Amino acid sequence: MLHEDRDILVVEKPAGLLTMGTDSDKTRTAYFILTDYVRKGYSKSRNRIFVVHRLDRETSGILIFAKNIEAKLCLQDQWKETEKKYLAVVHGRCDKRAETITTYLAENKAHIVYSTSDAAKGRLARTAYKVLKQTKDFALLEVDLLTGRKHQIRVHLAGIGHAVVGDKKYGKGDRGHARLALHARSISFKHPFSGERLTFETEVPVYFNQLVGNVDGLFLGRKAKGEVEPD
């Protein structure tokens, strides 16, 4: 738990855990765990939580849940102004040190998301990245999610020839790595009622250090976890 107050919960989701269940997958989820937490084990409790946004099962990092419908709607209304930064380790050497990728994203009947230049077929998606560290085989990227489409980061990075390490769906059968190297590292937003700007940041996953070497020095001087900024 990164933060809890009367209206919101901010947590760090591990890789492999669904945000919430689907019709075909009723396994233990972050939503289930946190619902049980707010009900304190009392199944008849009326306490509940509301999903504000989601992360893919394979992606780790920060998730926000609301504790009432008013907070959920307020956070979603301001979602375009919410700053969301990810870390990704990708295959190959990046020729560009920074780039903004803009395409339209669509989904086929097999639930594969793909880029298209046809605005009538997809939804506008924009992803900005910069290279933080380059090794012989991999690059560590800081990714700024400018829109929030399904599988957006994974599809955009694969589309420029730098699939996320461990991406079995868009990485052309990349099954040789322990997990997807994608992590929702920080988020900054206005509290739905107080109006204070809250910023939360997590540590770099150990797995990322194993892929590209120690990167802690790259983040010296960054904001501390859970810092509150004046409006």
# chains A, B, ... in the order shown; residues from 1 in each chain; ligands from 1
>>> residues_around(residues="Lys136 in chain A", least_positions_apart="2", cutoff="9 Å", atoms="only C-alpha atoms", output="list in words")
Gly92, Arg93, Gln134, Phe138 and Ala139 of chain A
>>> select_by_dssp(residues="range 15-175 of chain A", states="strand (DSSP E or B)", output="number ranges by chain")
A: 18, 29, 50-51, 60-66, 83-91, 98-107, 113-116, 123-134, 138-145, 164
>>> closest_residue(among="A:Asp167, A:Glu107, A:Glu70, A:Asp56", to="Val90 in chain A", atoms="only C-alpha atoms")
A:Asp167
>>> residues_around(residues="Ser188 in chain A", least_positions_apart="3", cutoff="7 Å", atoms="only C-alpha atoms", output="list of chain:residue names")
A:Thr82, A:Glu83, A:Lys84, A:Arg197, A:Leu198, A:Thr199, A:Phe200
>>> write_last_selection(atoms="N, CA and C atoms", output="PDB file, in the first residue's frame")
ATOM      1  N   THR A  82      -3.642  13.539 -15.845  1.00  0.00           N
ATOM      2  CA  THR A  82      -2.860  12.693 -14.944  1.00  0.00           C
ATOM      3  C   THR A  82      -1.572  12.261 -15.637  1.00  0.00           C
ATOM      4  N   GLU A  83      -0.435  12.458 -14.976  1.00  0.00           N
ATOM      5  CA  GLU A  83       0.862  12.115 -15.564  1.00  0.00           C
ATOM      6  C   GLU A  83       1.232  10.685 -15.183  1.00  0.00           C
ATOM      7  N   LYS A  84       1.470   9.854 -16.199  1.00  0.00           N
ATOM      8  CA  LYS A  84       1.759   8.444 -15.980  1.00  0.00           C
ATOM      9  C   LYS A  84       3.076   8.100 -16.673  1.00  0.00           C
ATOM     10  N   ARG A 197      -2.024  18.090  -5.364  1.00  0.00           N
ATOM     11  CA  ARG A 197      -1.384  17.223  -6.345  1.00  0.00           C
ATOM     12  C   ARG A 197      -0.554  16.182  -5.610  1.00  0.00           C
ATOM     13  N   LEU A 198      -0.861  14.931  -5.851  1.00  0.00           N
ATOM     14  CA  LEU A 198      -0.162  13.811  -5.230  1.00  0.00           C
ATOM     15  C   LEU A 198       0.732  13.151  -6.266  1.00  0.00           C
ATOM     16  N   THR A 199       1.957  12.840  -5.870  1.00  0.00           N
ATOM     17  CA  THR A 199       2.881  12.145  -6.752  1.00  0.00           C
ATOM     18  C   THR A 199       3.396  10.899  -6.039  1.00  0.00           C
ATOM     19  N   PHE A 200       3.273   9.758  -6.700  1.00  0.00           N
ATOM     20  CA  PHE A 200       3.753   8.497  -6.141  1.00  0.00           C
ATOM     21  C   PHE A 200       4.744   7.862  -7.100  1.00  0.00           C
TER      22      PHE A 200
END
>>> select_by_dssp(residues="range 56-91 of chain A", states="helix (DSSP H, G or I)", output="PyMOL selection string")
chain A and resi 69-77+79-81
>>> write_last_selection(atoms="N, CA, C and O atoms", output="PDB file, in the first residue's frame")
ATOM      1  N   ILE A  69     -17.956   6.226  -5.492  1.00  0.00           N
ATOM      2  CA  ILE A  69     -18.202   6.476  -6.906  1.00  0.00           C
ATOM      3  C   ILE A  69     -17.854   7.912  -7.296  1.00  0.00           C
ATOM      4  O   ILE A  69     -17.399   8.168  -8.413  1.00  0.00           O
ATOM      5  N   GLU A  70     -18.009   8.855  -6.372  1.00  0.00           N
ATOM      6  CA  GLU A  70     -17.689  10.252  -6.672  1.00  0.00           C
ATOM      7  C   GLU A  70     -16.198  10.417  -6.962  1.00  0.00           C
ATOM      8  O   GLU A  70     -15.814  11.116  -7.900  1.00  0.00           O
ATOM      9  N   ALA A  71     -15.364   9.767  -6.153  1.00  0.00           N
ATOM     10  CA  ALA A  71     -13.916   9.838  -6.364  1.00  0.00           C
ATOM     11  C   ALA A  71     -13.528   9.178  -7.685  1.00  0.00           C
ATOM     12  O   ALA A  71     -12.685   9.687  -8.434  1.00  0.00           O
ATOM     13  N   LYS A  72     -14.150   8.038  -7.997  1.00  0.00           N
ATOM     14  CA  LYS A  72     -13.864   7.351  -9.259  1.00  0.00           C
ATOM     15  C   LYS A  72     -14.150   8.252 -10.458  1.00  0.00           C
ATOM     16  O   LYS A  72     -13.306   8.415 -11.349  1.00  0.00           O
ATOM     17  N   LEU A  73     -15.330   8.848 -10.475  1.00  0.00           N
ATOM     18  CA  LEU A  73     -15.723   9.686 -11.608  1.00  0.00           C
ATOM     19  C   LEU A  73     -14.853  10.922 -11.725  1.00  0.00           C
ATOM     20  O   LEU A  73     -14.478  11.337 -12.832  1.00  0.00           O
ATOM     21  N   CYS A  74     -14.477  11.509 -10.590  1.00  0.00           N
ATOM     22  CA  CYS A  74     -13.625  12.698 -10.607  1.00  0.00           C
ATOM     23  C   CYS A  74     -12.241  12.359 -11.161  1.00  0.00           C
ATOM     24  O   CYS A  74     -11.703  13.083 -12.002  1.00  0.00           O
ATOM     25  N   LEU A  75     -11.659  11.252 -10.708  1.00  0.00           N
ATOM     26  CA  LEU A  75     -10.340  10.848 -11.184  1.00  0.00           C
ATOM     27  C   LEU A  75     -10.366  10.517 -12.674  1.00  0.00           C
ATOM     28  O   LEU A  75      -9.435  10.850 -13.420  1.00  0.00           O
ATOM     29  N   GLN A  76     -11.419   9.868 -13.128  1.00  0.00           N
ATOM     30  CA  GLN A  76     -11.516   9.527 -14.544  1.00  0.00           C
ATOM     31  C   GLN A  76     -11.747  10.766 -15.402  1.00  0.00           C
ATOM     32  O   GLN A  76     -11.231  10.859 -16.518  1.00  0.00           O
ATOM     33  N   ASP A  77     -12.492  11.737 -14.873  1.00  0.00           N
ATOM     34  CA  ASP A  77     -12.729  12.977 -15.615  1.00  0.00           C
ATOM     35  C   ASP A  77     -11.439  13.748 -15.859  1.00  0.00           C
ATOM     36  O   ASP A  77     -11.292  14.435 -16.873  1.00  0.00           O
ATOM     37  N   TRP A  79      -8.433  12.334 -16.113  1.00  0.00           N
ATOM     38  CA  TRP A  79      -7.408  11.364 -16.476  1.00  0.00           C
ATOM     39  C   TRP A  79      -6.437  11.888 -17.526  1.00  0.00           C
ATOM     40  O   TRP A  79      -5.259  11.551 -17.526  1.00  0.00           O
ATOM     41  N   LYS A  80      -6.914  12.754 -18.421  1.00  0.00           N
ATOM     42  CA  LYS A  80      -6.025  13.307 -19.451  1.00  0.00           C
ATOM     43  C   LYS A  80      -4.945  14.186 -18.834  1.00  0.00           C
ATOM     44  O   LYS A  80      -3.875  14.363 -19.421  1.00  0.00           O
ATOM     45  N   GLU A  81      -5.208  14.749 -17.669  1.00  0.00           N
ATOM     46  CA  GLU A  81      -4.227  15.604 -16.989  1.00  0.00           C
ATOM     47  C   GLU A  81      -3.361  14.815 -16.012  1.00  0.00           C
ATOM     48  O   GLU A  81      -2.454  15.366 -15.384  1.00  0.00           O
TER      49      GLU A  81
END
>>> atom_distance(atom1="CA of Leu2 in chain A", atom2="CA of Arg57 in chain A")
19.4 Å
